[in-house]
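Step one of this worksheet: look at the structure below.
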Amino acid sequence: MEVILAEHAGFCFGVKKAVDTVYEQVEHNDNKIYTYGPIIHNEEVVKDLESKGVEVVNSPEELSNVSDDGTIVIRAHGIPRETEEKIKNRGISYVDATCPFVKRIHKIVDEESRKGRTIIITGNAKHPEVEGIVSWADGPVYVIESLEDAEKFTLPVETELTLVSQTTFNYKKFKDVVEIFNSKGYNINIVNTICNATQERQTEAEKIAAEADAMIVIGGTTSSNTRKLYEICAAKCKHTYFVQTVDDLPKDFPEGIYKVGITAGASTPKNIIEEVQTYVRTGTDI
Ligand code: F3S
C-alpha cells in the first residue's frame, strides 16, 4: 500500500509546549500535579498522564479538591479569566501552559473592549478556548458560529466592532463572515487570529485527500481541529476514516484502494501516527 503522510501532522507548537510542561512538572516538581481541563484533546495522552498521578480539574467547583501544596498546569487552549482569578485566590501554585497564540487573542479582546469596541468572535461558543476568549471582553461580546449567524447579526451600523477568531476556525468560513460584516457597513477592525498550524494542516490535508483513494484522519473525538480536518478530507475523498488509534482502523480497506493519505490533528502524538502508518504500509502493528 502506498502511503502519503502529511508533513504537518500531529502536535503543533502550542500543544507540544503544554504537554512537555506537564511531563516536566511530573519529573521535577514534588507537588501533586493537576491540569486544568484535559491538557489537550487527546485521550491517550490524558490516560498516560493519569497513570503518572496527574489529576484533571474539570470545573471551578473542583478546585476545592486540589490539595494546598498542589500545582496546576493550565491547558493549551486557556481558561476563563474568572477561573484564573479563583486559582490565584486559593493561593495554589500554577504554571500557565496556554498557547501564546491564544494568549494573544485574550490580549486583543481585553484591549479592544476597553476601548469601547464590541467584540465578535468566530468560533464554537461551547468550546473551552472560546469560553476563555469571551471572558476577556470588558463589554458586549458575540460569538458567530455560522454564516447564518453573521447574516442575522444586527446592531446599529455605527457600532464599532472588532472581529477575532477561534484559532481553529475554518479560514474560508472566516473570510465569508468578514465579507458579510463588511457588506453591512460596520466600522470593523478585523484581526485574523486563526493559527497557521491549523491553516497548514487544512490546506495540506485537502490536497492529499484529493489524490488519495482513502484518507485517515487521526485524533481525539473531542478535538475540534481534528474534526474539521475530517470534514475537509471527507469532502474530497469518499473513503475517509476518523480514528483515535490503530485499533479503530478497518481490518481491510474496500477494493481498489492503493494510495492512502494520513493526517492527524494538532493534539495527536507522534507514536500514534507512526503506529497507524506502519499498520497501513505493512498490515501489521508495530
Ligand atoms: Fe496554539 Fe495553534 Fe496549536 S493556537 S495550540 S499552535 S493549533
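By convention in this document, the chains of the C-alpha cells carry letters A, B, ... by their order, each chain's residues are numbered from 1, and ligands are numbered from 1 in the order they are shown.
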Would you mind listing, for every residue of chain A within 8 Å of ligand 1, the two atoms forming the shortest contact and the distance between them in Å to one decimal, using only C-alpha atoms and all ligand atoms, sorted by chain and ascending residue number, as JSON lines?
{"residue": "A:Phe11", "atom": "CA", "partner": "ligand 1", "partner_atom_place_in_ligand_line": "3 (Fe)", "distance": 7.4}
{"residue": "A:Cys12", "atom": "CA", "partner": "ligand 1", "partner_atom_place_in_ligand_line": "3 (Fe)", "distance": 4.6}
{"residue": "A:Phe13", "atom": "CA", "partner": "ligand 1", "partner_atom_place_in_ligand_line": "6 (S)", "distance": 4.7}
{"residue": "A:Gly14", "atom": "CA", "partner": "ligand 1", "partner_atom_place_in_ligand_line": "5 (S)", "distance": 3.8}
{"residue": "A:Val15", "atom": "CA", "partner": "ligand 1", "partner_atom_place_in_ligand_line": "5 (S)", "distance": 4.8}
{"residue": "A:Ala76", "atom": "CA", "partner": "ligand 1", "partner_atom_place_in_ligand_line": "5 (S)", "distance": 5.5}
{"residue": "A:His77", "atom": "CA", "partner": "ligand 1", "partner_atom_place_in_ligand_line": "5 (S)", "distance": 6.1}
{"residue": "A:Thr98", "atom": "CA", "partner": "ligand 1", "partner_atom_place_in_ligand_line": "5 (S)", "distance": 7.7}
{"residue": "A:Cys99", "atom": "CA", "partner": "ligand 1", "partner_atom_place_in_ligand_line": "1 (Fe)", "distance": 4.7}
{"residue": "A:Pro100", "atom": "CA", "partner": "ligand 1", "partner_atom_place_in_ligand_line": "1 (Fe)", "distance": 6.6}
{"residue": "A:Phe101", "atom": "CA", "partner": "ligand 1", "partner_atom_place_in_ligand_line": "4 (S)", "distance": 4.9}
{"residue": "A:Val102", "atom": "CA", "partner": "ligand 1", "partner_atom_place_in_ligand_line": "4 (S)", "distance": 5.6}
{"residue": "A:Thr167", "atom": "CA", "partner": "ligand 1", "partner_atom_place_in_ligand_line": "4 (S)", "distance": 5.2}
{"residue": "A:Thr168", "atom": "CA", "partner": "ligand 1", "partner_atom_place_in_ligand_line": "7 (S)", "distance": 6.4}
{"residue": "A:Ile194", "atom": "CA", "partner": "ligand 1", "partner_atom_place_in_ligand_line": "4 (S)", "distance": 7.4}
{"residue": "A:Cys195", "atom": "CA", "partner": "ligand 1", "partner_atom_place_in_ligand_line": "2 (Fe)", "distance": 4.5}
{"residue": "A:Asn196", "atom": "CA", "partner": "ligand 1", "partner_atom_place_in_ligand_line": "2 (Fe)", "distance": 6.5}
{"residue": "A:Ala197", "atom": "CA", "partner": "ligand 1", "partner_atom_place_in_ligand_line": "7 (S)", "distance": 5.2}
{"residue": "A:Thr198", "atom": "CA", "partner": "ligand 1", "partner_atom_place_in_ligand_line": "7 (S)", "distance": 5.4}
{"residue": "A:Asn225", "atom": "CA", "partner": "ligand 1", "partner_atom_place_in_ligand_line": "7 (S)", "distance": 7.7}
{"residue": "A:Ala266", "atom": "CA", "partner": "ligand 1", "partner_atom_place_in_ligand_line": "7 (S)", "distance": 5.9}
{"residue": "A:Ser267", "atom": "CA", "partner": "ligand 1", "partner_atom_place_in_ligand_line": "3 (Fe)", "distance": 7.9}
For the selection you just gave me, I'd like the residues written to a file as a CSV table (one decimal), in the first residue's frame, keeping N, CA and C atoms.
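Contents of the output file part_39.csv:
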chain,number,residue,atom,x,y,z
A,11,PHE,N,1.3,17.0,16.7
A,11,PHE,CA,1.5,18.1,17.7
A,11,PHE,C,1.9,19.4,17.0
A,12,CYS,N,1.1,20.5,17.3
A,12,CYS,CA,1.6,21.8,16.9
A,12,CYS,C,2.4,22.4,18.0
A,13,PHE,N,3.0,23.5,17.8
A,13,PHE,CA,3.9,24.2,18.7
A,13,PHE,C,3.3,24.3,20.1
A,14,GLY,N,2.0,24.8,20.2
A,14,GLY,CA,1.4,25.1,21.5
A,14,GLY,C,1.1,23.8,22.2
A,15,VAL,N,0.6,22.8,21.5
A,15,VAL,CA,0.3,21.5,22.2
A,15,VAL,C,1.6,20.9,22.7
A,76,ALA,N,-3.6,24.0,27.1
A,76,ALA,CA,-3.1,24.7,25.9
A,76,ALA,C,-4.1,25.8,25.4
A,77,HIS,N,-5.4,25.5,25.4
A,77,HIS,CA,-6.3,26.5,24.9
A,77,HIS,C,-6.9,27.4,25.9
A,98,THR,N,-1.0,28.0,28.6
A,98,THR,CA,-1.8,28.4,27.5
A,98,THR,C,-0.9,28.8,26.3
A,99,CYS,N,-1.4,28.3,25.1
A,99,CYS,CA,-0.6,28.6,23.9
A,99,CYS,C,-0.4,30.1,23.7
A,100,PRO,N,0.7,30.6,23.4
A,100,PRO,CA,0.9,32.1,23.2
A,100,PRO,C,0.0,32.7,22.1
A,101,PHE,N,-0.4,31.9,21.2
A,101,PHE,CA,-1.3,32.4,20.1
A,101,PHE,C,-2.7,32.7,20.7
A,102,VAL,N,-3.1,31.8,21.7
A,102,VAL,CA,-4.4,32.0,22.4
A,102,VAL,C,-4.3,33.2,23.3
A,167,THR,N,-8.8,29.9,17.2
A,167,THR,CA,-7.6,29.6,16.4
A,167,THR,C,-7.8,28.5,15.4
A,168,THR,N,-8.8,27.6,15.7
A,168,THR,CA,-9.0,26.5,14.8
A,168,THR,C,-10.2,26.7,13.8
A,194,ILE,N,-6.6,33.1,13.3
A,194,ILE,CA,-6.6,31.7,13.0
A,194,ILE,C,-5.1,31.3,13.0
A,195,CYS,N,-4.8,30.2,13.7
A,195,CYS,CA,-3.4,29.7,13.8
A,195,CYS,C,-2.9,29.1,12.5
A,196,ASN,N,-1.7,29.5,12.2
A,196,ASN,CA,-1.0,29.0,11.0
A,196,ASN,C,-1.0,27.4,11.0
A,197,ALA,N,-0.8,26.9,12.2
A,197,ALA,CA,-0.7,25.4,12.2
A,197,ALA,C,-2.0,24.8,11.7
A,198,THR,N,-3.1,25.4,12.0
A,198,THR,CA,-4.4,24.9,11.6
A,198,THR,C,-4.6,25.1,10.1
A,225,ASN,N,-10.1,20.7,16.0
A,225,ASN,CA,-9.3,20.8,14.8
A,225,ASN,C,-9.2,19.5,14.0
A,266,ALA,N,-3.8,18.5,15.6
A,266,ALA,CA,-2.7,19.1,16.3
A,266,ALA,C,-2.4,18.5,17.7
A,267,SER,N,-3.4,17.7,18.2
A,267,SER,CA,-3.2,17.1,19.5
A,267,SER,C,-2.9,15.6,19.5
Hey, could you make a per-residue contact list for range 179-253 of chain A against range 126-144 of chain A with 10 Å as the cut-off, showing the nearest pair of atoms and its distance in Å to one decimal, counting only C-alpha atoms, sorted by chain and number, as CSV?
residue,atom,partner,partner_atom,distance
A:Thr222,CA,A:His127,CA,9.8
A:Ser223,CA,A:His127,CA,9.9
A:Ser224,CA,A:His127,CA,8.3
Tell me, as a PDB file with C-alpha atoms, in the first residue's frame, which residues lie within 12 Å of Glu275 in chain A, counting only C-alpha atoms; anything in the same chain fewer than 2 positions away does not count.
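Writing the result to out00.pdb gives the following:
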ATOM      1  CA  ILE A 218      -6.098  10.579  13.421  1.00  0.00           C
ATOM      2  CA  VAL A 243      -9.591   7.097  14.059  1.00  0.00           C
ATOM      3  CA  GLN A 244      -8.203   7.665  17.544  1.00  0.00           C
ATOM      4  CA  THR A 245      -5.671   4.832  17.413  1.00  0.00           C
ATOM      5  CA  VAL A 246      -4.640   1.993  15.114  1.00  0.00           C
ATOM      6  CA  ASP A 247      -7.361  -0.170  16.735  1.00  0.00           C
ATOM      7  CA  ASP A 248     -10.113   1.871  15.099  1.00  0.00           C
ATOM      8  CA  LEU A 249      -8.887   1.127  11.562  1.00  0.00           C
ATOM      9  CA  ILE A 262      -2.699  10.096   6.527  1.00  0.00           C
ATOM     10  CA  THR A 268      -2.183  13.678  18.167  1.00  0.00           C
ATOM     11  CA  PRO A 269       1.102  12.228  19.500  1.00  0.00           C
ATOM     12  CA  LYS A 270       3.795  11.068  17.078  1.00  0.00           C
ATOM     13  CA  ASN A 271       3.807   7.447  18.276  1.00  0.00           C
ATOM     14  CA  ILE A 272       0.114   7.025  17.374  1.00  0.00           C
ATOM     15  CA  ILE A 273       0.745   8.422  13.873  1.00  0.00           C
ATOM     16  CA  GLN A 277       1.417   4.437   9.274  1.00  0.00           C
ATOM     17  CA  THR A 278       3.173   1.112   9.882  1.00  0.00           C
ATOM     18  CA  TYR A 279      -0.119  -0.738  10.024  1.00  0.00           C
ATOM     19  CA  VAL A 280      -1.288   0.701   6.694  1.00  0.00           C
ATOM     20  CA  ARG A 281       2.061   0.094   4.951  1.00  0.00           C
ATOM     21  CA  THR A 282       2.589  -3.444   6.176  1.00  0.00           C
ATOM     22  CA  GLY A 283      -0.739  -4.643   7.537  1.00  0.00           C
ATOM     23  CA  THR A 284       0.835  -5.315  10.952  1.00  0.00           C
ATOM     24  CA  ASP A 285       1.030  -3.471  14.265  1.00  0.00           C
ATOM     25  CA  ILE A 286       4.382  -2.115  15.443  1.00  0.00           C
TER      26      ILE A 286
END
- What lies within 8 Å of range 83-92 of chain A using only C-alpha atoms, ignoring chain neighbours under 5 positions off, as a count of residues only? 7
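The smallest atom-to-atom distance between Thr162 in chain A and any of A:Leu229, A:Val191, A:Ile33, A:Val22, using only C-alpha atoms, is found for A:Val191.
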- Task: Output as a PyMOL selection string all residues of range 115-255 of chain A that backbone DSSP marks as strand (DSSP E or B).
- Result: chain A and resi 118-122+141-144+160-165+187-190+214-218+240-243
Let's have the selection written as a tab-separated table (two decimals), in the first residue's frame, with C-alpha atoms.
chain	number	residue	atom	x	y	z
A	118	THR	CA	-17.93	45.40	20.62
A	119	ILE	CA	-16.17	42.05	20.23
A	120	ILE	CA	-17.18	39.46	17.64
A	121	ILE	CA	-15.59	36.00	17.81
A	122	THR	CA	-15.96	33.47	15.02
A	141	VAL	CA	-19.27	40.21	23.02
A	142	TYR	CA	-20.91	37.93	20.43
A	143	VAL	CA	-19.91	34.52	19.09
A	144	ILE	CA	-20.63	33.85	15.42
A	160	GLU	CA	-17.58	49.84	16.40
A	161	LEU	CA	-16.66	46.19	16.09
A	162	THR	CA	-13.51	44.15	16.49
A	163	LEU	CA	-13.58	40.69	14.98
A	164	VAL	CA	-11.25	37.88	16.09
A	165	SER	CA	-11.44	34.13	15.61
A	187	ASN	CA	-16.62	50.14	11.20
A	188	ILE	CA	-14.85	46.88	11.84
A	189	ASN	CA	-11.34	46.04	12.95
A	190	ILE	CA	-10.57	42.56	11.63
A	214	ALA	CA	-8.57	6.53	1.12
A	215	MET	CA	-7.77	9.05	3.79
A	216	ILE	CA	-7.14	8.50	7.50
A	217	VAL	CA	-7.53	11.35	9.97
A	218	ILE	CA	-6.10	10.58	13.42
A	240	THR	CA	-12.22	8.92	4.81
A	241	TYR	CA	-11.74	7.36	8.26
A	242	PHE	CA	-11.64	9.18	11.61
A	243	VAL	CA	-9.59	7.10	14.06
- Item | Distance in Å - CA of Glu145 in chain A versus CA of Gly123 in chain A |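 A separation of 5.1 Å between them.
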- Within 10 Å of Ala235 in chain A, counting only C-alpha atoms, which residues show up once you throw out same-chain ones fewer than 5 positions away? Write them as a list of chain:residue names, please. A:Glu206, A:Ala209, A:Ala210, A:Tyr230, A:Thr240
The selected residues should be written to file as a PDB file, in the first residue's frame (atoms: C-alpha atoms).
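File produced: out-v2.pdb:
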ATOM      1  CA  GLU A 206      -7.280  18.749   1.417  1.00  0.00           C
ATOM      2  CA  ALA A 209      -7.320  13.756   0.216  1.00  0.00           C
ATOM      3  CA  ALA A 210      -7.918  14.846  -3.393  1.00  0.00           C
ATOM      4  CA  TYR A 230     -12.035  15.072   8.858  1.00  0.00           C
ATOM      5  CA  THR A 240     -12.223   8.917   4.810  1.00  0.00           C
TER       6      THR A 240
END
- One-decimal distance in Å that lies between CA of Ile180 in chain A and CA of Phe153 in chain A: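 Here the two named atoms are 9.6 Å from each other.
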- Lys184 in chain A surroundings by only C-alpha atoms, 12 Å radius, close-in-sequence under 3 positions cut, as a ChimeraX atom specification: /A:150-159,161,177-181,187-188
Write the selection just made, keeping N, CA and C atoms, as a JSON list (two decimals), in the first residue's frame?
[["chain", "number", "residue", "atom", "x", "y", "z"],
["A", 150, "ALA", "N", -23.97, 35.29, 11.03],
["A", 150, "ALA", "CA", -23.43, 36.57, 10.55],
["A", 150, "ALA", "C", -24.50, 37.36, 9.80],
["A", 151, "GLU", "N", -25.28, 36.65, 8.98],
["A", 151, "GLU", "CA", -26.35, 37.30, 8.22],
["A", 151, "GLU", "C", -27.37, 37.94, 9.17],
["A", 152, "LYS", "N", -27.68, 37.18, 10.26],
["A", 152, "LYS", "CA", -28.74, 37.64, 11.18],
["A", 152, "LYS", "C", -28.27, 38.75, 12.12],
["A", 153, "PHE", "N", -26.95, 38.97, 12.19],
["A", 153, "PHE", "CA", -26.39, 39.90, 13.19],
["A", 153, "PHE", "C", -26.90, 41.32, 12.93],
["A", 154, "THR", "N", -27.53, 41.92, 13.94],
["A", 154, "THR", "CA", -27.98, 43.31, 13.78],
["A", 154, "THR", "C", -27.64, 44.12, 15.03],
["A", 155, "LEU", "N", -26.85, 45.15, 14.82],
["A", 155, "LEU", "CA", -26.60, 46.17, 15.83],
["A", 155, "LEU", "C", -26.58, 47.47, 15.04],
["A", 156, "PRO", "N", -26.82, 48.61, 15.68],
["A", 156, "PRO", "CA", -26.78, 49.87, 14.92],
["A", 156, "PRO", "C", -25.48, 49.96, 14.11],
["A", 157, "VAL", "N", -25.57, 50.47, 12.89],
["A", 157, "VAL", "CA", -24.44, 50.44, 11.97],
["A", 157, "VAL", "C", -23.23, 51.25, 12.49],
["A", 158, "GLU", "N", -23.48, 52.19, 13.42],
["A", 158, "GLU", "CA", -22.35, 52.98, 13.96],
["A", 158, "GLU", "C", -21.59, 52.23, 15.06],
["A", 159, "THR", "N", -22.07, 51.03, 15.44],
["A", 159, "THR", "CA", -21.35, 50.25, 16.48],
["A", 159, "THR", "C", -19.96, 49.90, 15.97],
["A", 161, "LEU", "N", -16.87, 47.62, 15.83],
["A", 161, "LEU", "CA", -16.66, 46.19, 16.09],
["A", 161, "LEU", "C", -15.20, 45.80, 15.94],
["A", 177, "VAL", "N", -17.45, 35.24, 6.55],
["A", 177, "VAL", "CA", -18.08, 36.03, 7.64],
["A", 177, "VAL", "C", -17.64, 37.49, 7.53],
["A", 178, "VAL", "N", -16.33, 37.69, 7.27],
["A", 178, "VAL", "CA", -15.81, 39.06, 7.14],
["A", 178, "VAL", "C", -16.54, 39.80, 6.02],
["A", 179, "GLU", "N", -16.74, 39.10, 4.91],
["A", 179, "GLU", "CA", -17.42, 39.72, 3.77],
["A", 179, "GLU", "C", -18.84, 40.16, 4.16],
["A", 180, "ILE", "N", -19.54, 39.30, 4.88],
["A", 180, "ILE", "CA", -20.92, 39.62, 5.30],
["A", 180, "ILE", "C", -20.91, 40.86, 6.20],
["A", 181, "PHE", "N", -19.98, 40.91, 7.16],
["A", 181, "PHE", "CA", -19.91, 42.07, 8.07],
["A", 181, "PHE", "C", -19.56, 43.34, 7.29],
["A", 187, "ASN", "N", -18.02, 49.79, 10.98],
["A", 187, "ASN", "CA", -16.62, 50.14, 11.20],
["A", 187, "ASN", "C", -16.04, 48.94, 11.94],
["A", 188, "ILE", "N", -15.25, 48.15, 11.24],
["A", 188, "ILE", "CA", -14.85, 46.88, 11.84],
["A", 188, "ILE", "C", -13.34, 46.67, 11.74]]
